[in-house]
Structure formats: C-alpha cells, structure tokens
Amino acid sequence: MSPAPRSTSPPGPVTSVPQASDPVLEIRDLSVDYGFGADAVHAVVGCDVVLRRGQVLGLAGESGSGKSTLAMAAIRLLRAPGVITGGEVLFHSAPDAAGGLHETIDLLRAGDAELRRVRWSEISVVLQSALNALNPVITIGAQFADLLKVHRPELTESERWERGVQLMEMVGMTGDRLRSYSHELSGGMRQRAMIAMALALEPQVMILDEPTTALDVVTQREILEELMGLRDRLGFAALFITHDLSLLVELADEIVVMYAGRLMERAAAASLFHSPRVPYTYGLLHCFPPMHGERRPMEGIPGSPPDLRALPSGCAFHPRCPWAMERCRKETPALVGLDGSDREAACWLHSGEATVPAELDLPDPANRGPQPADEPPRVRRATR
Amino acid sequence: MSLAAAQPATQPVSVRPVLEGRGLTKYFSVKRGRGMFSGHDRLFAVEQVSVGLAAGTVTALVGESGSGKTTVARMLAKIINPDAGNVLLDGEPVPSGRPRSYARQVQMVFQDPFASLNPVHRVRYDLVRPLRIHHLAGEDIDATIADLLRRVALEPPAQFATKFPHELSGGQRQRVAIARALSVRPRVLLADEPVSMLDVSIRLGILNLLADLRDREHLAILYVTHDIASARYLADTIVVMYAGQVVEAAPSARLTDNPAHPYTQLLLSAAPDPDRVEPPSLAGRGAPPSLIAPPSGCRFHPRCPHAMAICSAKAPPSVTVATGHTANCWLHVDPAQRQVEDGSEPAPAPTDGMFQRPAAASASADRHHPEED
C-alpha cells in the first residue's frame, strides 16, 4: 500500500499564519490504480483537492469517475486491488492555543499508530448505506460505547451513555433510540445515527460519501438541513461526494467536478452553476430538468461515460464533447487556473488558442462583485 | 431530437384511455410475531387508485418509496392481481390472470437493466424470444431485430445484436430492455423508474427516447418515478401518490407550478433546485406513516401544516381545483360543505383556488386538534 516516494514538499511542521481559510486536508497529485502493471486501471490520476477549515467542498461526478476512490484513498481506507501510486495527503490539525504551529501529517506515509490517532477523532466518514455501516447485532448505544471506550477512555459508563444521548439529540433523534438495533430504524434514522457517530469525537473533517442518495427527497432535505446546521455550530469541514450536481450547487461552498479519474473543473458553487467553463460541467448541469419555467427539450450528454480500461486518447471527454478540437484528441489538458479568477479548469478551449464558445464564457457571478439587483427575487412556490 | 418532449399536452385529454385502472386496491399480508402469538397483519399498499393512460401521452406516477407507485404499475401490467378494482383495456375489463393477448398490448420496462437482462444471452436472444412466443417473428427476423434496435438508437444494429449485456453500458442496456418491450408492438408501456439506476448524463437520453415513442408511435406510457423534476420534463400528466393513495393529479407544468395538495408542496420544497434563491424551508416534516395501521382520515394529516379537525376524521374527497387538476384535500372543499360533512367545524375559507392561508393563527389552532383522538 505504501506509495512510491515522491517529495514535493516535506511533511512535518509548517509555519504559516493561521486563517479561517487555512487548508485542513490537502490532497496533492494523488494517483490510484486498481491492479498492477500493464493491466492496471487508472482510477484517479494526479488529483489535487484542498479542503479548507469549515468549508463544504463538493466532489461531483458520475459513477466510475473516481470520486469515492479519491476520498477513500486519501484517508487510507482503500482496499486491494486499489493501489495508491503517488501523491501525498496532508492533514493539518487545528492550530494550538498559542496559534503558532500546525501539526501536519502525511496520511499516505503515516504509520498505524498515527493513523489511529487521526481516524475518526479528526477525520470521520459517513457512507451511503448506513445499514451496512452499522453493526446489526449490537444496539446503536453499544456502538457509541465501543467508540468512546477506545477514543475517550477517561469516560465512565454513565458518561458514555450521556454523551450518546447528547449526540442523538444533536441529530434530531431521542436518546431512547440508543437501545435500538439498526434494523429497527428507518433509513433516515440510520443515516442520522451514522452522522451522530461521525460527530462523536468532534472531528475537523467529515467525509460524506453519497450520504443521502438512498433516501427520499424529504428525508434527504431534513438530514442535509441538520448537517449544515451542525457544520455552522461545530465548524467541521466536509467533503461531500455525490453524483447529484443540482443538490451540490445548493449545498457546497466550492465544487470539484471529476470525470474518468481526473479533475475537470474547480470553482465556487455559484460560479460553477452560473458560468461553467468546461464542456463536461456544462453538459452535466443541463442533465437536470429545471423545476420552473418553460419546459424545453434538453439533450443531456451524448454517448456514455468511458470505460476506464479503454480510455479515449487525449482529453477523456472529447468523444462526447461538442467543441472538441484536434488537440483534444491528442493531449490531455491539465487543471490550470483561469485568468483573473479563483477557479481552475482542465480544457484546451481556455488555453488561448481557440475562441471560447459563448456557452462557456458566461460572466462569473464571483467577479461581478456584489450581486446586482437586476434579477427580481423569485416568488417562492411553497407557502408556509 | 424530440421537440414535443417539452410541449404542453396538446392531445385532447378527454379521449378514452387505452388502459385504465379503476379503484385499484392491494393488500399485502405481513407476518407478525412468533409461535403461538403469530398472526398476519394487513398492509394497505394501494387503496382506491384510479389512473388512465391515453394513447400518445405520458402519465407520471410520482411518490416516495413505499407510496405504492410500483404496485400500481404491477397491477396495471397484471403481474399481480388487485384485491379490488378493475383494470380496463379499451374500456373492457381484462379477464383475470394474464392472458397472452394482454401481455402483447401492455409491456413493462423495469428499473434495473443490470437485473432485467439475462447475462448469459446475447441481445438478439432477448429480442427473438418475445417475437417467437407471440408468433410475430415473420419472414425476416434479422430485419425485425435490426429495426427494433434502430428504434431505440442502438446503431449499428448488427453489432449490438451479438453483444452480451455486460458489454453494454447502463443506458444501452435500458435501451435493449425498451426494445424488448417494443418487440411485440404494444400499445401501452409501463416504465418503472427506468432511469434511476443510470448515470445522470445519460438519463435524458432515455427520457427523450420515451418522449419519441409517445410522439412517433403514439404509445400510452406510464412513467413511475420519485423524481418530480424528470416527471415535469417528460410527462403530460402527473399523478402524485402518498401512502398508497392518490393525493393530486394535474397537467405536469400546472402541478409543479401550482401544487394544490400540501404533500405535493412538501415534495416540491424538498426537491433539489439550484435556481433557489434562499435556502428551502420544508413545508412539513416527518416520515410517511406505517401502512399496517395508517392514520385515520387523510393519511397525510399527521404531517400536514394545515391539518384541521376533519382531516383526522374523514378521508378527503377528490376535489376539482381547476380543469384537469384534482386534489384530495379538505382545504379545497367549500367550508360550508366541510361543516356539513364534519357536523361541527367552522373553518376559514381558503383565500383562492390555490390555498395560501394567511390566517396563521387559525391554522395553528386547527393543527393540534387531530392529536385528541
């Protein structure tokens, strides 16, 4: 599992001025293969993702785009045949009281003891299927107790129970649910219990891998509301992985779009939604029929997601791209910053040698300063 | 591709539906307890659901999991028999069982194309079988198959016919499943969540294909889904189900723009919508009720922000709110009429057809009544 050594910057104490927007988890040039040698499938290729303190970072992509692999590799939960082939993942723990040094750990090079210190207490995970994530043969309360026994040995049994009750109430459930087994809870309650468990040790980072995909929309909305409320109160950073870009636009501060194992675009949520710069993002945004206005025919994206075993040459999206050029078939674009904005795109259309299509050159709301009042506020449909 | 996908329903809605379910009801028996205390509970999966499918239209059946939408589709396909109510084809009751002549006219497309195609057979086999069974094979079976594959945009057909399911992407598999349903030249297509297992980028392709079949081949299509945005996109009419009952039915744009039933409003307020200016506020909370002991009266009343005393006592009638728009809700019943039904309750009238009750105080006063029984 240990990655090929490659040092871009040595891990260890780094001095910097602590800020609210300081990175808490930095994934640098991470590559993951499934299998070895010539048969290896490159599931994640050279991805850079920075999660900042208190931020909700959305990771969007279709199935097989490598979004879950990226996150699981970053926290060393990837199982064979997954192999991390390069990169580093720096976790910066909270600045101490004096506000001086950050302790920084490279998770990919950390030993078992170090990983155990970070896992769950600093970085916790909520998975899609809470029924599989919870132990079916012991109660929810016993699982809380297990967790606290290991990580908070100083607590007594009654204190552990109290903490369990407190956590359950935090996610909108009652403490008596601690006596339930996971099969006695509804899907939404199971996912709430998972979130409570993920919050038990007050982590700085929470990784949410499709946490609400299996739930009904109303339950999904309730859980997301609670999650965002907790984020505001507790200040953890969240990496939110989902295929539902329309949900992410509402939820995330910043969004990263993945396709065939590579990052295609990174931008603030509003910028990405109103002014996508990459054809894939543009296409993906037009895959969700709108809820208001005239019903217009939409095309989605032609073709289907590529097979990772036989990726197209050059940009993996070029066979589906309406603006593909000669260069796209030959060379793979890198994720580079776009002029005059805090956003990145991996597309040859923005390299300056081609005219950017009007659809991909819409004004970025982030660059217009404060939102102009030219749009009348939309009348809300649901009255309370 | 299909411009008509987005056009409002221009077909006259009054034409007699090809396939109709009237008062469909289905109970399931659920085992309870063990040993000498064991017994069976009745689960009210679907109660008194009526839905009509007209040629050349798409009707969407929208609801959360457990709302009974798939059960309705299965009853219409005669995969399961209703405990009460009738399935009518061209206005004629269909004999019990599932006669082959019925299967030839009403076909189903299932949710999971990974499960609905046999992995050990080539695509050709899947398409030949229904043709043989229904004696439709004709002279040139390869030409028929090529034509079927072309109709679902799998080109070149000769190449796709020899493939195994695992060689196809999810979208292509679903196209094969649709081609298989089309092979017997049905008049009705019942599509049960046909896109929910597919990648987001290829869902619209399948929805546009269904719209195309509606327009070109004049099929009557039932589109079962939990995604109200896609229902708005594809369907001419949307029927919303909650806890086994129909709560609202209307032309699709009208239903999403002017929802009349509180449950529909809740669904819409919860649906992801990037255009939303302010964070959504849910119009009601909680979860759907147990169908073994459903709430009395209106099944939505324990979650409804507008619930009145009568809501817990009596099931609401189906009220016509506007042309082609019905809602099963007491709020749309004339207060005087409501009083007669209830015998007591004088309640303030809704301000207009769409209720927007400004009197928050009276609404909240009403809200706590139902708890008393």
# chains A, B, ... in the order shown; residues from 1 in each chain; ligands from 1

$ select_by_dssp --residues "segment 60-149 of chain A" --states "strand (DSSP E or B)" --output "list in words"
Ala60, Gly82, Val83, Ile84, Thr85, Gly86, Gly87, Glu88, Val89, Leu90, Phe91, His92, His102, Thr104, Ile105, Asp106, Arg119, Ile123, Ser124, Val125 and Val126 of chain A

$ interface_residues --of "chain A" --to "chain B" --cutoff "8 Å" --atoms "only C-alpha atoms" --output "PyMOL selection string"
chain A and resi 62-63+216-222+243-244+246-247+249-250+273+283-284+287-292+295-304+377-378+381-384

$ atom_distance --atom1 "atom CA of Arg303 of chain B" --atom2 "atom CA of His261 of chain B"
12.4 Å

$ atom_distance --atom1 "atom CA of Leu360 of chain A" --atom2 "atom CA of Arg277 of chain A"
4.7 Å

$ residues_around --residues "segment 76-81 of chain A" --least-positions-apart "5" --cutoff "12 Å" --atoms "only C-alpha atoms" --output "PyMOL selection string"
chain A and resi 1-3+30+32-37+39-43+68-71+88-89+106-112+114-116+118-120+123-125+207

$ write_last_selection --atoms "N, CA and C atoms" --output "compact mmCIF listing (two decimals), in the first residue's frame"
# COMPACT_ATOMS: atom_id res chain seq x y z
N MET A 1 0.82 -1.21 0.00
CA MET A 1 0.00 0.00 0.00
C MET A 1 0.85 1.26 0.00
N SER A 2 2.12 1.13 0.41
CA SER A 2 2.87 2.38 0.58
C SER A 2 3.22 2.95 -0.78
N PRO A 3 2.97 4.22 -0.95
CA PRO A 3 3.13 4.85 -2.25
C PRO A 3 4.59 5.03 -2.61
N LEU A 30 -2.58 13.11 -6.19
CA LEU A 30 -2.89 11.73 -5.80
C LEU A 30 -3.26 10.89 -7.02
N VAL A 32 -4.33 6.79 -8.09
CA VAL A 32 -4.73 5.48 -7.59
C VAL A 32 -4.98 4.56 -8.77
N ASP A 33 -4.44 3.35 -8.69
CA ASP A 33 -4.69 2.33 -9.71
C ASP A 33 -5.48 1.19 -9.09
N TYR A 34 -6.20 0.48 -9.92
CA TYR A 34 -6.73 -0.81 -9.50
C TYR A 34 -5.95 -1.86 -10.26
N GLY A 35 -5.23 -2.71 -9.55
CA GLY A 35 -4.40 -3.72 -10.19
C GLY A 35 -2.99 -3.20 -10.44
N PHE A 36 -2.15 -4.10 -10.96
CA PHE A 36 -0.74 -3.76 -11.15
C PHE A 36 -0.35 -3.83 -12.62
N GLY A 37 0.78 -3.22 -12.89
CA GLY A 37 1.44 -3.40 -14.19
C GLY A 37 0.62 -2.92 -15.36
N ASP A 39 -1.98 -4.15 -16.73
CA ASP A 39 -3.43 -4.28 -16.64
C ASP A 39 -4.06 -3.25 -15.70
N ALA A 40 -3.22 -2.45 -15.06
CA ALA A 40 -3.75 -1.54 -14.06
C ALA A 40 -4.73 -0.56 -14.68
N VAL A 41 -5.80 -0.32 -13.96
CA VAL A 41 -6.78 0.69 -14.36
C VAL A 41 -6.50 1.94 -13.56
N HIS A 42 -6.32 3.05 -14.25
CA HIS A 42 -6.01 4.29 -13.54
C HIS A 42 -7.31 4.96 -13.11
N ALA A 43 -7.67 4.73 -11.85
CA ALA A 43 -8.97 5.22 -11.37
C ALA A 43 -8.90 6.69 -10.99
N SER A 68 -15.27 8.49 -5.25
CA SER A 68 -15.17 7.76 -3.97
C SER A 68 -13.78 7.20 -3.78
N THR A 69 -13.18 6.70 -4.85
CA THR A 69 -11.82 6.16 -4.77
C THR A 69 -10.86 7.23 -4.27
N LEU A 70 -11.01 8.43 -4.80
CA LEU A 70 -10.16 9.54 -4.37
C LEU A 70 -10.26 9.76 -2.87
N ALA A 71 -11.49 9.82 -2.36
CA ALA A 71 -11.68 10.10 -0.94
C ALA A 71 -11.21 8.94 -0.07
N GLU A 88 0.54 12.89 -2.18
CA GLU A 88 0.55 12.98 -0.73
C GLU A 88 -0.76 13.59 -0.25
N VAL A 89 -1.11 13.26 0.97
CA VAL A 89 -2.33 13.79 1.57
C VAL A 89 -1.95 14.38 2.91
N ASP A 106 1.33 13.52 6.89
CA ASP A 106 1.06 12.97 5.56
C ASP A 106 0.41 11.61 5.75
N LEU A 107 -0.88 11.55 5.48
CA LEU A 107 -1.63 10.32 5.76
C LEU A 107 -1.13 9.14 4.95
N LEU A 108 -0.57 9.41 3.79
CA LEU A 108 -0.11 8.29 2.96
C LEU A 108 1.17 7.67 3.49
N ARG A 109 1.90 8.42 4.33
CA ARG A 109 3.13 7.86 4.88
C ARG A 109 3.01 7.57 6.38
N ALA A 110 1.86 7.86 6.94
CA ALA A 110 1.69 7.69 8.38
C ALA A 110 1.65 6.22 8.76
N GLY A 111 2.19 5.92 9.92
CA GLY A 111 2.14 4.55 10.43
C GLY A 111 0.79 4.26 11.05
N ASP A 112 0.60 3.02 11.47
CA ASP A 112 -0.69 2.61 12.04
C ASP A 112 -1.07 3.45 13.25
N GLU A 114 -0.15 6.46 14.09
CA GLU A 114 -0.51 7.83 13.71
C GLU A 114 -1.89 7.88 13.06
N LEU A 115 -2.14 6.89 12.21
CA LEU A 115 -3.44 6.83 11.54
C LEU A 115 -4.56 6.66 12.56
N ARG A 116 -4.30 5.81 13.56
CA ARG A 116 -5.33 5.56 14.55
C ARG A 116 -5.65 6.84 15.32
N VAL A 118 -5.59 9.82 14.08
CA VAL A 118 -6.32 10.76 13.22
C VAL A 118 -7.71 10.25 12.86
N ARG A 119 -7.79 8.95 12.58
CA ARG A 119 -9.05 8.41 12.09
C ARG A 119 -10.14 8.55 13.13
N TRP A 120 -11.27 8.95 12.69
CA TRP A 120 -12.49 9.16 13.46
C TRP A 120 -12.39 10.33 14.41
N ILE A 123 -10.82 12.80 11.41
CA ILE A 123 -11.48 12.62 10.12
C ILE A 123 -12.48 11.47 10.25
N SER A 124 -13.74 11.76 10.05
CA SER A 124 -14.73 10.68 10.13
C SER A 124 -15.43 10.53 8.79
N VAL A 125 -16.09 9.40 8.63
CA VAL A 125 -16.69 9.07 7.33
C VAL A 125 -18.15 8.67 7.52
N ILE A 207 -16.06 13.18 5.95
CA ILE A 207 -16.19 12.79 4.56
C ILE A 207 -17.53 12.13 4.37

$ residues_around --residues "Ile223 of chain A" --least-positions-apart "6" --cutoff "8 Å" --atoms "only C-alpha atoms" --output "PyMOL selection string"
chain A and resi 188+192+212

$ closest_atom_pairs --of "segment 52-165 of chain A" --to "segment 236-240 of chain A" --cutoff "6 Å" --atoms "only C-alpha atoms" --output "Markdown table"
| residue | atom | partner | partner_atom | distance |
| --- | --- | --- | --- | --- |
| A:Arg53 | CA | A:Ala237 | CA | 5.4 |
| A:Gly54 | CA | A:Ala237 | CA | 4.2 |
| A:Gln55 | CA | A:Ala237 | CA | 4.8 |
| A:Val56 | CA | A:Ala238 | CA | 4.7 |
| A:Leu57 | CA | A:Leu239 | CA | 4.9 |
| A:Gly58 | CA | A:Phe240 | CA | 4.7 |
| A:Leu59 | CA | A:Phe240 | CA | 6.0 |

$ write_last_selection --atoms "C-alpha atoms" --output "compact mmCIF listing (two decimals), in the first residue's frame"
# COMPACT_ATOMS: atom_id res chain seq x y z
CA ARG A 53 -11.48 24.80 7.50
CA GLY A 54 -15.26 24.93 7.89
CA GLN A 55 -15.77 24.57 4.17
CA VAL A 56 -18.20 22.28 2.40
CA LEU A 57 -16.39 21.01 -0.66
CA GLY A 58 -18.49 19.14 -3.17
CA LEU A 59 -16.97 16.37 -5.24

$ residues_around --residues "Met189 of chain A" --least-positions-apart "6" --cutoff "10 Å" --atoms "only C-alpha atoms" --output "list in words"
Ala130, Met168, Val171, Gly172, Met173, Arg177, Ser182, Ile195, Thr219 and Ile223 of chain A

$ write_last_selection --atoms "N, CA and C atoms" --output "PDB file, in the first residue's frame"
ATOM      1  N   ALA A 130     -26.140   3.129   5.365  1.00  0.00           N
ATOM      2  CA  ALA A 130     -25.974   3.104   6.814  1.00  0.00           C
ATOM      3  C   ALA A 130     -26.299   1.733   7.384  1.00  0.00           C
ATOM      4  N   MET A 168     -27.326  11.869  19.940  1.00  0.00           N
ATOM      5  CA  MET A 168     -28.559  11.510  19.239  1.00  0.00           C
ATOM      6  C   MET A 168     -29.486  12.719  19.170  1.00  0.00           C
ATOM      7  N   VAL A 171     -28.683  15.224  16.426  1.00  0.00           N
ATOM      8  CA  VAL A 171     -29.122  14.937  15.056  1.00  0.00           C
ATOM      9  C   VAL A 171     -30.634  14.739  14.968  1.00  0.00           C
ATOM     10  N   GLY A 172     -31.352  15.205  16.004  1.00  0.00           N
ATOM     11  CA  GLY A 172     -32.809  15.196  15.926  1.00  0.00           C
ATOM     12  C   GLY A 172     -33.458  13.876  16.258  1.00  0.00           C
ATOM     13  N   MET A 173     -32.783  13.037  17.053  1.00  0.00           N
ATOM     14  CA  MET A 173     -33.415  11.799  17.498  1.00  0.00           C
ATOM     15  C   MET A 173     -33.485  11.819  19.023  1.00  0.00           C
ATOM     16  N   ARG A 177     -33.509   5.872  21.478  1.00  0.00           N
ATOM     17  CA  ARG A 177     -33.161   5.144  20.262  1.00  0.00           C
ATOM     18  C   ARG A 177     -31.808   4.441  20.379  1.00  0.00           C
ATOM     19  N   SER A 182     -29.983  -1.575  14.488  1.00  0.00           N
ATOM     20  CA  SER A 182     -30.067  -0.776  13.257  1.00  0.00           C
ATOM     21  C   SER A 182     -31.274  -1.167  12.401  1.00  0.00           C
ATOM     22  N   ILE A 195     -24.425   9.786  11.313  1.00  0.00           N
ATOM     23  CA  ILE A 195     -23.876  11.144  11.401  1.00  0.00           C
ATOM     24  C   ILE A 195     -23.533  11.463  12.851  1.00  0.00           C
ATOM     25  N   THR A 219     -36.716  13.302   3.414  1.00  0.00           N
ATOM     26  CA  THR A 219     -35.754  12.896   4.430  1.00  0.00           C
ATOM     27  C   THR A 219     -34.372  13.461   4.104  1.00  0.00           C
ATOM     28  N   ILE A 223     -32.169  15.850   6.601  1.00  0.00           N
ATOM     29  CA  ILE A 223     -30.846  15.476   7.084  1.00  0.00           C
ATOM     30  C   ILE A 223     -29.804  16.502   6.649  1.00  0.00           C
TER      31      ILE A 223
END

$ select_by_dssp --residues "segment 213-277 of chain A" --states "helix (DSSP H, G or I)" --output "count of residues only"
31
